[in-house]
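Trainee: Take a look at the following structure, please.
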2 protein chains.
Amino acid sequence: MLRPTSFDVAERAGVSQSTVSRALRGSPGVNAETRARVSAAARELGYVVDRHASSLRLKSSETIALVTICRPGEDRSAINPFYFALLGSIAAATSARGFNLLVSFQESHDNFRADFVASGLADAMIVIGTTSNRAAWQFFADAQASGLDFTCWGSPGDPFHWMRSDNEVGGRLAAEHLVARGRRRIAFVGPQQSPQRQFDERREGFAAALGARGIAPIIVEPPAAPDRHAQGLAAAAQLLAEHPDVDAIFAASDMLALGVLQGLKDARRRVPTDIALIGFDGIRAGTLVDPALSTIEPDLDAAGEALVAMALEDTGHSRSGTRIPVRLSLRGTA
Amino acid sequence: MLRPTSFDVAERAGVSQSTVSRALRGSPGVNAETRARVSAAARELGYVVDRHASSLRLKSSETIALVTICRPGEDRSAINPFYFALLGSIAAATSARGFNLLVSFQESHDNFRADFVASGLADAMIVIGTTSNRAAWQFFADAQASGLDFTCWGSPGDPFHWMRSDNEVGGRLAAEHLVARGRRRIAFVGPQQSPQRQFDERREGFAAALGARGIAPIIVEPPAAPDRHAQGLAAAAQLLAEHPDVDAIFAASDMLALGVLQGLKDARRRVPTDIALIGFDGIRAGTLVDPALSTIEPDLDAAGEALVAMALEDTGHSRSGTRIPVRLSLRGTA
DNA sequence: CTGAAAGCGCTTACAG
DNA sequence: CTGAAAGCGCTTACAG
């Protein structure tokens, strides 16, 4: 028999179908012996509750939908590994609740889609991914304006319920460390024109802490390039040309930092001897380069847990604005 | 009104509920004017078909379940990026069919789970992930022995329907390139005791091509270590100690190769001048190191597409054994 | 503590 | 071409 139903289990256990349902759901007030008999029958038949029937009845699917926004035309291996790691930690938090995780990578109007909750497929939606895809964030902003509710990672702007790293603290930690190591000609490399606030927050925390020590950072807007790594590479070249005496760099993300690192090597600058470097994100690839990248590392487990908790909260997203703690992870470059 | 139903749409459009269903599903034999009226009413109400009701009726969920096996205790950012990239390409292939993707990361008996199809949540299941978690592969082998059907990436052994890279060709391409560049003291670094055949295939293709040119490779079993990168690091040290005159290395995976590269640098060997290096997988991190890692790169788009097609086939997995094409991607190390 | 029955929101065979 | 009705497999209020 393919796919036995609760009626089959009932027949085998010699009880009614309603009793099977109650016994298997762990409802109170089912005789222990009856429950055991039902469980045995279910096991023998290989019975598994039909989730569609169950969800239809309960009006809840115990599923989270996770949308990851990509750059148009980008292949999957080029997606910033930070988002994959975040996806993994969201999956862990989802699974810890006994929920399922539906994932969707979206990049253009061809595949923008936000109806996971409307169709009943998911109880809540989380949106993460590149800040650089404006069409995508616009699509979700419009969806939210039409009454759709969801939670984002990052700072896509005002209409969203968001959750993000403690970016200012991260900037301050980087600044304090560089100054304590005697660096004085210090640069910040990061997008100034991003529609999202994350990079601004990192720069502001960094600049404020430097300012308190009487230092004004050199600010470098990365030149246009197809991805953050290429931007970092170009930014390093530009920075060295304009400020050859720079002795420390804080990059707004690890992918930028890895590009900067390559740019410094190409220019024969020694890292960290000549120039110290700190990134932001804590991606694994930072440990694979030489010297290994020092970075501000958000607590990803906490991020996944907080995103899922916030998405599932129906009380007006009271936790919107919660900050994920960060720490300075010192490896080779600073 | 929260979540309008097809009855609400019917009332607004002045037709019966069955007509709404037919119109929205694109059934033939619905008057064009009626269809337009129904579509308009649905749009106005923000109606979306309930997927649970629909799936229950149709006995099909248009969803693929993807299980990614992890190392126990490993955090999400440590998962081999190859599997994240494969996940992304599977998501693309799934989405191209209009299917949903349910993902589950599993690492131990605490969260092993294979009932996605049995519960109706998914129409098919794909299993990918680390070859090193024997308990996990044993769990899925047992599940398959009990009649569960699914498709795997890699070569977990006989009971599975699998799909994998053209590993022998990859080994041959690496060998031919190294010999053509004049290398003669050539090593293979890779696990010999893996329960999976992938690494063996890469070694066999490599050794056969070298053999045809009268060269016998040095075979290095990586020492035990917590992950492939650490294994590669240790393997490089061991290889240099035992065969200081080695002039080329083919590593069975990119993460191993990145460890080897670091080990060579630590030993002050110049890459590729003194020693050439080729990895396998084409992960993004290989482009971030200096020099960038040359590698055998499987066609991930083809892999995702083939895995989904195979999982969805119900005709006895006739495509089992299909090989994903690979190409030699020459970057800096060889 | 257990059973008969209603109903979740669809899809489609059947009748017209 | 359209409508009334059955039924997918559950959960639970209601009755006993």
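By order in the structure tokens, chains are A, B, ...; within a chain, residues start at 1; ligands start at 1, following the order shown.
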Pick out the chain B residues within 12 Å of chain C. Count only C-alpha atoms (C1' of nucleotides). Give them as an MDAnalysis selection string.
Mentor: chainID B and resid 3:8 17:25 27 48:59
Trainee: For those residues, write N, CA, C and O atoms to a file as an mmCIF file, in the first residue's frame.
Mentor:
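Output (result_13.cif):
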```cif
data_model
loop_
_atom_site.group_PDB
_atom_site.id
_atom_site.type_symbol
_atom_site.label_atom_id
_atom_site.label_comp_id
_atom_site.auth_asym_id
_atom_site.auth_seq_id
_atom_site.Cartn_x
_atom_site.Cartn_y
_atom_site.Cartn_z
ATOM 1 N N ARG B 3 -6.742 36.282 4.051
ATOM 2 C CA ARG B 3 -6.714 35.071 3.238
ATOM 3 C C ARG B 3 -8.056 34.753 2.589
ATOM 4 O O ARG B 3 -8.776 33.854 3.026
ATOM 5 N N PRO B 4 -8.385 35.464 1.537
ATOM 6 C CA PRO B 4 -9.618 35.141 0.811
ATOM 7 C C PRO B 4 -9.526 33.751 0.190
ATOM 8 O O PRO B 4 -8.435 33.282 -0.126
ATOM 9 N N THR B 5 -10.670 33.097 0.001
ATOM 10 C CA THR B 5 -10.690 31.774 -0.635
ATOM 11 C C THR B 5 -11.279 31.900 -2.030
ATOM 12 O O THR B 5 -11.726 32.973 -2.442
ATOM 13 N N SER B 6 -11.287 30.793 -2.721
ATOM 14 C CA SER B 6 -11.819 30.800 -4.082
ATOM 15 C C SER B 6 -13.326 31.102 -4.073
ATOM 16 O O SER B 6 -13.869 31.564 -5.070
ATOM 17 N N PHE B 7 -13.993 30.881 -2.934
ATOM 18 C CA PHE B 7 -15.419 31.223 -2.850
ATOM 19 C C PHE B 7 -15.602 32.740 -2.854
ATOM 20 O O PHE B 7 -16.527 33.260 -3.459
ATOM 21 N N ASP B 8 -14.683 33.427 -2.184
ATOM 22 C CA ASP B 8 -14.744 34.893 -2.180
ATOM 23 C C ASP B 8 -14.547 35.441 -3.585
ATOM 24 O O ASP B 8 -15.217 36.376 -4.017
ATOM 25 N N GLN B 17 -17.546 28.617 -7.661
ATOM 26 C CA GLN B 17 -16.192 28.374 -7.173
ATOM 27 C C GLN B 17 -15.425 27.462 -8.125
ATOM 28 O O GLN B 17 -14.211 27.634 -8.322
ATOM 29 N N SER B 18 -16.096 26.499 -8.728
ATOM 30 C CA SER B 18 -15.361 25.587 -9.630
ATOM 31 C C SER B 18 -14.837 26.341 -10.841
ATOM 32 O O SER B 18 -13.735 26.059 -11.328
ATOM 33 N N THR B 19 -15.575 27.308 -11.280
ATOM 34 C CA THR B 19 -15.114 28.102 -12.423
ATOM 35 C C THR B 19 -13.875 28.917 -12.042
ATOM 36 O O THR B 19 -12.943 29.069 -12.830
ATOM 37 N N VAL B 20 -13.869 29.415 -10.826
ATOM 38 C CA VAL B 20 -12.684 30.147 -10.366
ATOM 39 C C VAL B 20 -11.473 29.242 -10.445
ATOM 40 O O VAL B 20 -10.423 29.612 -10.984
ATOM 41 N N SER B 21 -11.617 28.055 -9.916
ATOM 42 C CA SER B 21 -10.492 27.125 -9.907
ATOM 43 C C SER B 21 -10.020 26.840 -11.327
ATOM 44 O O SER B 21 -8.826 26.921 -11.626
ATOM 45 N N ARG B 22 -10.969 26.538 -12.195
ATOM 46 C CA ARG B 22 -10.598 26.240 -13.589
ATOM 47 C C ARG B 22 -9.952 27.429 -14.267
ATOM 48 O O ARG B 22 -8.949 27.303 -14.960
ATOM 49 N N ALA B 23 -10.516 28.600 -14.063
ATOM 50 C CA ALA B 23 -9.985 29.795 -14.719
ATOM 51 C C ALA B 23 -8.549 30.069 -14.275
ATOM 52 O O ALA B 23 -7.663 30.329 -15.086
ATOM 53 N N LEU B 24 -8.340 29.972 -12.964
ATOM 54 C CA LEU B 24 -7.020 30.310 -12.431
ATOM 55 C C LEU B 24 -5.957 29.255 -12.751
ATOM 56 O O LEU B 24 -4.759 29.561 -12.832
ATOM 57 N N ARG B 25 -6.399 28.014 -12.922
ATOM 58 C CA ARG B 25 -5.429 26.969 -13.256
ATOM 59 C C ARG B 25 -5.126 26.951 -14.752
ATOM 60 O O ARG B 25 -4.310 26.182 -15.222
ATOM 61 N N SER B 27 -7.289 25.936 -17.033
ATOM 62 C CA SER B 27 -7.924 24.772 -17.669
ATOM 63 C C SER B 27 -8.507 25.177 -19.014
ATOM 64 O O SER B 27 -8.958 26.315 -19.183
ATOM 65 N N VAL B 48 -4.556 34.226 -3.422
ATOM 66 C CA VAL B 48 -3.518 33.290 -3.835
ATOM 67 C C VAL B 48 -4.020 31.887 -3.494
ATOM 68 O O VAL B 48 -4.544 31.663 -2.402
ATOM 69 N N VAL B 49 -3.866 30.959 -4.417
ATOM 70 C CA VAL B 49 -4.332 29.591 -4.184
ATOM 71 C C VAL B 49 -3.654 28.997 -2.953
ATOM 72 O O VAL B 49 -2.452 29.142 -2.774
ATOM 73 N N ASP B 50 -4.413 28.361 -2.099
ATOM 74 C CA ASP B 50 -3.854 27.684 -0.930
ATOM 75 C C ASP B 50 -3.130 26.418 -1.368
ATOM 76 O O ASP B 50 -3.743 25.500 -1.938
ATOM 77 N N ARG B 51 -1.818 26.390 -1.111
ATOM 78 C CA ARG B 51 -1.024 25.269 -1.614
ATOM 79 C C ARG B 51 -1.278 23.974 -0.865
ATOM 80 O O ARG B 51 -1.058 22.885 -1.400
ATOM 81 N N HIS B 52 -1.712 24.076 0.368
ATOM 82 C CA HIS B 52 -1.979 22.832 1.092
ATOM 83 C C HIS B 52 -3.228 22.167 0.544
ATOM 84 O O HIS B 52 -3.253 20.964 0.300
ATOM 85 N N ALA B 53 -4.257 22.968 0.346
ATOM 86 C CA ALA B 53 -5.495 22.421 -0.208
ATOM 87 C C ALA B 53 -5.234 21.862 -1.608
ATOM 88 O O ALA B 53 -5.667 20.765 -1.952
ATOM 89 N N SER B 54 -4.491 22.629 -2.373
ATOM 90 C CA SER B 54 -4.190 22.217 -3.731
ATOM 91 C C SER B 54 -3.348 20.932 -3.766
ATOM 92 O O SER B 54 -3.652 19.976 -4.473
ATOM 93 N N SER B 55 -2.294 20.918 -2.950
ATOM 94 C CA SER B 55 -1.420 19.739 -2.925
ATOM 95 C C SER B 55 -2.154 18.514 -2.406
ATOM 96 O O SER B 55 -1.919 17.395 -2.866
ATOM 97 N N LEU B 56 -3.026 18.739 -1.427
ATOM 98 C CA LEU B 56 -3.775 17.615 -0.860
ATOM 99 C C LEU B 56 -4.635 16.980 -1.945
ATOM 100 O O LEU B 56 -4.682 15.765 -2.105
ATOM 101 N N ARG B 57 -5.303 17.827 -2.694
ATOM 102 C CA ARG B 57 -6.172 17.354 -3.757
ATOM 103 C C ARG B 57 -5.381 16.696 -4.885
ATOM 104 O O ARG B 57 -5.706 15.615 -5.365
ATOM 105 N N LEU B 58 -4.289 17.352 -5.285
ATOM 106 C CA LEU B 58 -3.512 16.877 -6.435
ATOM 107 C C LEU B 58 -2.539 15.752 -6.072
ATOM 108 O O LEU B 58 -1.964 15.118 -6.956
ATOM 109 N N LYS B 59 -2.317 15.566 -4.789
ATOM 110 C CA LYS B 59 -1.328 14.582 -4.334
ATOM 111 C C LYS B 59 0.039 14.846 -4.967
ATOM 112 O O LYS B 59 0.701 13.947 -5.477
#
```
Trainee: Need to verify the contact set: A:Arg331, 7 Å, only C-alpha atoms (C1' of nucleotides), exclusion of same-chain residues closer than 4 positions in sequence. Can you return it as a short mmCIF file (atom, residue, chain, number, x, y, z; two decimals) with N, CA, C and O atoms, in the first residue's frame?
Mentor:
```cif
data_model
loop_
_atom_site.label_atom_id
_atom_site.label_comp_id
_atom_site.auth_asym_id
_atom_site.auth_seq_id
_atom_site.Cartn_x
_atom_site.Cartn_y
_atom_site.Cartn_z
N ALA A 292 46.09 35.25 7.13
CA ALA A 292 44.65 35.13 7.35
C ALA A 292 44.06 36.49 7.74
O ALA A 292 44.70 37.27 8.44
N LEU A 293 42.85 36.73 7.29
CA LEU A 293 42.21 38.03 7.46
C LEU A 293 41.66 38.24 8.87
O LEU A 293 40.84 37.46 9.35
N SER A 294 42.11 39.31 9.52
CA SER A 294 41.48 39.72 10.78
C SER A 294 40.14 40.37 10.43
O SER A 294 40.01 41.03 9.41
#
```
Trainee: Can you list, as number ranges by chain, every residue of stretch 116-278 of chain B that DSSP puts in strand (DSSP E or B)?
Mentor: B: 124-129, 151-153, 161-165, 186-189, 218-220, 248-251, 276-278
Trainee: Which residue, A:Thr63, A:Ser89, A:Thr68, A:Gln106, has the smallest gap to chain B when you use only C-alpha atoms?
Mentor: A:Ser89
Trainee: Out of A:Ala118, A:Leu210, A:Val179, A:Ala309, which residue has the shortest atom-to-atom distance to chain B when counting only C-alpha atoms?
Mentor: A:Ala118
Trainee: Just the residues within 6 Å of stretch 273-284 of chain B, please, counting only C-alpha atoms (C1' of nucleotides), with nothing from its chain fewer than 4 positions along; format it as a list in words.
Mentor: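 The residues that qualify are Phe82, Asp247, Ala248, Ile249, Phe250, Ala251, Ala252, Ser253, Asp254, Ala257, Ser294, Thr295, Ile296, Glu297, Thr333 and Ala334 of chain B.
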Trainee: Can you spit out the residues from that selection as a JSON list (two decimals), in the first residue's frame, using C-alpha atoms?
Mentor:
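Result file again_39.json:
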```json
[["chain", "number", "residue", "atom", "x", "y", "z"],
["B", 82, "PHE", "CA", 31.17, 23.46, -2.81],
["B", 247, "ASP", "CA", 57.41, 19.49, -8.51],
["B", 248, "ALA", "CA", 53.63, 19.14, -8.91],
["B", 249, "ILE", "CA", 50.61, 18.21, -6.80],
["B", 250, "PHE", "CA", 47.04, 17.27, -7.70],
["B", 251, "ALA", "CA", 44.74, 17.52, -4.67],
["B", 252, "ALA", "CA", 41.45, 15.63, -4.58],
["B", 253, "SER", "CA", 39.45, 18.72, -3.61],
["B", 254, "ASP", "CA", 39.89, 22.49, -3.50],
["B", 257, "ALA", "CA", 44.42, 22.09, -2.23],
["B", 294, "SER", "CA", 44.03, 26.17, -10.70],
["B", 295, "THR", "CA", 41.33, 23.55, -10.48],
["B", 296, "ILE", "CA", 39.14, 20.97, -12.17],
["B", 297, "GLU", "CA", 35.74, 22.62, -12.28],
["B", 333, "THR", "CA", 48.99, 27.75, -9.35],
["B", 334, "ALA", "CA", 49.56, 25.59, -12.43]]
```
Trainee: Set the distance at 10 Å and use only C-alpha atoms (C1' of nucleotides): which residues neighbour B:Asn167 once local chain neighbours fewer than 3 positions away are removed? I'd like the list as a list in words.
Mentor: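 Returned residues: Arg164, Gly170, Gly171, Arg172, Leu173, Arg197, Gln198, Phe199, Asp200, Glu201, Arg202, Arg203, Glu204, Gly205, Phe206, Ala252, Phe280, Ile296, Pro298, Arg323, Ile324, Pro325 and Val326 of chain B.
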Trainee: In Å, with one decimal, what is the gap from atom CA of A:Arg184 to atom CA of A:Ile218?
Mentor: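 Separation of atom CA of A:Arg184 and atom CA of A:Ile218: 10.7 Å.
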Trainee: Among stretch 30-216 of chain B, which ones does DSSP place in alpha helix (DSSP H), written as a ChimeraX atom specification?
Mentor: /B:32-45,51-58,81-96,134-145,167-180,198-211
